[in-house]
Amino acid sequence: MRSVAIKMLVGDRARYLGILMGLTFASLLITQQSAIFTGLMARTYGFITDTGLPDIWVMDPKVMFIDDIKPLQDTMLHRVRGVEGVEWAMPLYKGLLKAKLSNGSFQTCNVIGLDDTTLVGGPPEIVKGSLSDLRQADAVIVDEVGATGKLARPATEPGGEPTPIGIGDTLELNDHRAIVVGICRGTRTFQSQPVIYTTYSRALRFAPGERKLMSFVLVKAKPGADQDALCARIAGATGLAAYTTQQFKDLTYDYFMKYTGIPVNFGIAVLLGFIVGTAIAGQTFFNFTMDNIKYFAALKAMGARDGQLLRMIVLQALIVGAVGWGIGIGAASLFGFLLKHTELSFLLTWKLMGVSGLAILVICGISALLSLRTVLRAEPAIVFKG
Amino acid sequence: MIATAAPVAVSCAGVTKTYGAGQSRVTALRGIDLEVREGELLMLVGPSGCGKTTLISVIAGILDHDDGECLVFGENLRALPQARRTAFRGERIGFVFQQFNLIPTLTIAENVAVPLLIQGRTWRSSIAQAREFLDRVGIGDRWAALPSKLSGGQQQRVAIARSLVHGPRLIVCDEPTSSLDHETGHKVMELMKEVAAGHDRALVVVTHDARIFEFADRIARMDDGKITGLTDRRNKEPER
């Protein structure tokens with residue numbers, strides 16, 4: 001009876017396409033909105049992801065997310081280095097400084113100061129120049145988006161394109177000269193400011209004088225060391241908070257989930273997709289069943305068992321669900337692919353596809369349940385009512 | 001000629017059926033006593049609303065009667081559990097409907113194969129057997145056509161093939177010629193008599209089409225939920 005069910009479904013082209021459209025739309029909306037949400041949330045911890053080498057981040061216990069900087073005393077670096085199981089520990093400066101542009105305007109920049117010797121915590125990809133060029137005097141490396149965008153020199157003619165800054169150009173950071181020695185590419189972060197990498201000591205020079213300036217201590221655990229236990233030892237020895245990279249990502253993610261309206265706003269869009277999809281697909285699938293009710297009744301009269309009819313309807317629902325989900329995922333992927341070089345944050349993960357598939361399965365389940373109820377309740381005697 | 005001693009296929013005694021309750025209560029069957037023997041073609045005739053369709057629904061086991069007893073090949077279908085009753089219908093009963101009820105998205109061979117597929121036969125063997133039966137009803141060459149491509153008479157031939165393909169011993173037909181013109185209706189009944197009637201198979205045909213009465217072995221006249229007359233056309237004498 002499987003073939004009969006499939007032919008009944010796909011043979012009625014108009015109805016079949018109608019159900020597919022509903023499910024495709026639902027799948028597209030749910031997947032696309034969720035992927036944008038995931039992409040946006042991934043940006044919240046993009047800087048942590050890009051800082052690949054350390055296993056553990058040490059910070060003030062009151063820090064709630066990556067951009068919530070509460071400076072530490074430099075002496076804390078030595079205390080962390082003294083904890084058993086620490087392979088190495090390096091300082092990291094992260095702060096917002098104003099850069100004066102060539103046209104005299106100011107732009108707030110996210111300045112990252114890396115350990116002078118090892119340059120640990122550098123950008124994941126250098127597009128122009130080299131990370132070691134940071135050892136030159138007054139050297140900075142600027143991120144590609146900032147270099148072509150907010151730090152670019154204004155157009156010289158009306159209507160012209162701004163000129164990206166490049167190697168050899170100078171900036172003024174808090175009244176200090178900075179020379180661009182490289183361009184890097186990193187994960188977009190939640191902050192829209194240009195990112196400028198320099199050495200730790202130079203960053204302290206750029207930054208306004210404060211008693212404490214170190215933002216984080218980056219720690220590498222000794223091979224085979226239990227990182228959770230090491231975090232606990234560091235916290236115990238220093239009174240600071242120590243998180244593994246994943247824990248710090250989670251902390252940042254949770255902060256944005258809890259204290260911003262992002263999840264609610266995207267949640268509403270996803271819910272809307274679910275509701276609209278359920279309404280369209282459910283209604284069309286139900287109408288399809290109602291149109292075929294006399295044939296289902298005829299099948300019952302001819303000896304089809306309830307179980308057979310149930311399997312037929314479930315199969316029909318699964319087919320439209322799988323095809324609609326697949327097209328929706330494909331369309332969402334295409335959307336992400338076409339806009340991958342834009343500001344749009346889009347991250348389509350396998351988990352997300354699973355969630356979208358589950359949502360479509362629920363929609364199909366509801367549709368099938370409505371139809372099934374009608375079919376199982378249909379009196380076979382209606383076949384004799386001409 | 002059907003011997004009166006042929007085994008009884010259907011036996012109804014005092015069958016009643018009421019629809020609704022209170023003010024809207026309608027009595028459709030008022031104590032029906034009827035026997036249909038194997039090898040016999042019985043026609044149920046009468047005006048609209050006299051209970052013909054209700055009676056074949058009860059006989060076919062797709063509607064429960066209220067009182068009395070209705071045995072089909074010795075089985076009291078009302079007393080059977082739903083699953084066994086459904087299985088009984090699938091194995092023993094063939095249906096021909098007024099509106100054919102052919103699934104429009106299946107080819108005619110696939111439509112004919114449906115009763116076999118319900119019984120769990122494979123697609124390939126079901127289609128092969130369906131094509132044999134389409135040959136028997138004279139439209140074997142159109143096996144791959146969709147029902148919408150056939151005339152009304154051809155569609156009813158397909159419905160007849162579908163009612164026979166699984167070898168049922170009772171065939172119930174509801175107004176099989178009412179959607180057809182006289183000539184086509186006549187041909188359909190000739191076909192029915194030729195391929196469906198057999199010494200071990202009973203046919204019950206509901207009709208109000210007097211032009212096909214000549215094909216009946218017996219005619220049961222109904223009115224207001226009762227059998228008002230029974231004519232044995234084999235000897236042209238009214239039985240009662």
# chains A, B, ... in the order shown; residues from 1 in each chain; ligands from 1
$ residues_around --residues "Trp325 (chain A)" --least-positions-apart "5" --cutoff "7 Å" --atoms "only C-alpha atoms" --output "PDB file with N, CA and C atoms, in the first residue's frame"
ATOM      1  N   LEU A  23       5.458  23.625   3.726  1.00  0.00           N
ATOM      2  CA  LEU A  23       6.536  23.050   4.532  1.00  0.00           C
ATOM      3  C   LEU A  23       7.891  23.662   4.171  1.00  0.00           C
ATOM      4  N   THR A  24       8.076  23.939   2.883  1.00  0.00           N
ATOM      5  CA  THR A  24       9.330  24.568   2.454  1.00  0.00           C
ATOM      6  C   THR A  24       9.465  25.943   3.092  1.00  0.00           C
ATOM      7  N   SER A  27      10.235  25.487   6.726  1.00  0.00           N
ATOM      8  CA  SER A  27      11.609  25.021   6.895  1.00  0.00           C
ATOM      9  C   SER A  27      12.596  26.152   6.626  1.00  0.00           C
ATOM     10  N   GLY A 357      14.565  20.103  11.184  1.00  0.00           N
ATOM     11  CA  GLY A 357      13.923  18.845  10.781  1.00  0.00           C
ATOM     12  C   GLY A 357      12.908  18.383  11.804  1.00  0.00           C
ATOM     13  N   ILE A 360       9.801  20.471  11.509  1.00  0.00           N
ATOM     14  CA  ILE A 360       8.993  20.053  10.345  1.00  0.00           C
ATOM     15  C   ILE A 360       8.291  18.730  10.659  1.00  0.00           C
TER      16      ILE A 360
END
$ closest_atom_pairs --of "chain B" --to "chain A" --cutoff "6 Å" --atoms "only C-alpha atoms" --output "Markdown table"
| residue | atom | partner | partner_atom | distance |
| --- | --- | --- | --- | --- |
| B:Ile62 | CA | A:Ala381 | CA | 5.6 |
| B:Thr86 | CA | A:Gly303 | CA | 4.8 |
| B:Ala87 | CA | A:Gly303 | CA | 5.6 |
| B:Arg89 | CA | A:Gly303 | CA | 5.3 |
| B:Gly90 | CA | A:Gly303 | CA | 3.8 |
| B:Thr105 | CA | A:Gly11 | CA | 4.9 |
| B:Leu117 | CA | A:Met1 | CA | 5.9 |
| B:Ile118 | CA | A:Ala304 | CA | 5.6 |
$ residues_around --residues "Arg92 (chain B)" --least-positions-apart "4" --cutoff "8 Å" --atoms "only C-alpha atoms" --output "PyMOL selection string"
chain B and resi 88+167-170
$ closest_residue --among "B:Gly153, B:Gly61, B:Gly94, B:Pro47" --to "Val137 (chain B)" --atoms "only C-alpha atoms"
B:Gly153
$ closest_residue --among "B:Leu29, B:Ala60, B:Met43, B:Ala13" --to "Ala216 (chain B)" --atoms "only C-alpha atoms"
B:Met43
$ select_by_dssp --residues "region 81-173 of chain B" --states "strand (DSSP E or B)" --output "ChimeraX atom specification"
/B:93-96,170-173
$ write_last_selection --atoms "N, CA, C and O atoms" --output "PDB file, in the first residue's frame"
ATOM      1  N   ILE B  93     -15.607 -10.258   0.103  1.00  0.00           N
ATOM      2  CA  ILE B  93     -16.607  -9.376  -0.510  1.00  0.00           C
ATOM      3  C   ILE B  93     -15.963  -8.458  -1.548  1.00  0.00           C
ATOM      4  O   ILE B  93     -14.886  -7.921  -1.326  1.00  0.00           O
ATOM      5  N   GLY B  94     -16.660  -8.314  -2.672  1.00  0.00           N
ATOM      6  CA  GLY B  94     -16.216  -7.369  -3.698  1.00  0.00           C
ATOM      7  C   GLY B  94     -17.247  -6.262  -3.820  1.00  0.00           C
ATOM      8  O   GLY B  94     -18.438  -6.476  -3.587  1.00  0.00           O
ATOM      9  N   PHE B  95     -16.770  -5.064  -4.136  1.00  0.00           N
ATOM     10  CA  PHE B  95     -17.668  -3.906  -4.183  1.00  0.00           C
ATOM     11  C   PHE B  95     -17.660  -3.261  -5.566  1.00  0.00           C
ATOM     12  O   PHE B  95     -16.600  -3.081  -6.168  1.00  0.00           O
ATOM     13  N   VAL B  96     -18.841  -2.891  -6.032  1.00  0.00           N
ATOM     14  CA  VAL B  96     -18.952  -2.048  -7.230  1.00  0.00           C
ATOM     15  C   VAL B  96     -19.798  -0.844  -6.812  1.00  0.00           C
ATOM     16  O   VAL B  96     -20.925  -1.006  -6.348  1.00  0.00           O
ATOM     17  N   LEU B 170     -18.906 -12.943  -2.491  1.00  0.00           N
ATOM     18  CA  LEU B 170     -20.113 -12.113  -2.529  1.00  0.00           C
ATOM     19  C   LEU B 170     -19.734 -10.773  -3.139  1.00  0.00           C
ATOM     20  O   LEU B 170     -18.738 -10.163  -2.744  1.00  0.00           O
ATOM     21  N   ILE B 171     -20.527 -10.348  -4.116  1.00  0.00           N
ATOM     22  CA  ILE B 171     -20.260  -9.034  -4.718  1.00  0.00           C
ATOM     23  C   ILE B 171     -21.485  -8.161  -4.503  1.00  0.00           C
ATOM     24  O   ILE B 171     -22.612  -8.575  -4.802  1.00  0.00           O
ATOM     25  N   VAL B 172     -21.259  -6.995  -3.935  1.00  0.00           N
ATOM     26  CA  VAL B 172     -22.372  -6.060  -3.740  1.00  0.00           C
ATOM     27  C   VAL B 172     -22.161  -4.871  -4.681  1.00  0.00           C
ATOM     28  O   VAL B 172     -21.066  -4.323  -4.772  1.00  0.00           O
ATOM     29  N   CYS B 173     -23.220  -4.536  -5.378  1.00  0.00           N
ATOM     30  CA  CYS B 173     -23.128  -3.460  -6.373  1.00  0.00           C
ATOM     31  C   CYS B 173     -24.181  -2.412  -6.037  1.00  0.00           C
ATOM     32  O   CYS B 173     -25.357  -2.743  -5.843  1.00  0.00           O
TER      33      CYS B 173
END
$ select_by_dssp --residues "region 36-247 of chain A" --states "helix (DSSP H, G or I)" --output "PyMOL selection string"
chain A and resi 36-44+46-50+75-81+131-135+144-148+200-206+227-238+245-247
$ closest_residue --among "A:Pro91, A:Gly168, A:Gly113, A:Gly182" --to "Ser130 (chain A)" --atoms "only C-alpha atoms"
A:Gly182
$ atom_distance --atom1 "CA of Gln32 (chain A)" --atom2 "CA of Ala322 (chain A)"
17.1 Å
$ atom_distance --atom1 "CA of Arg142 (chain B)" --atom2 "CA of Ala109 (chain B)"
8.5 Å
$ atom_distance --atom1 "CA of Ala317 (chain A)" --atom2 "CA of Thr284 (chain A)"
11.3 Å
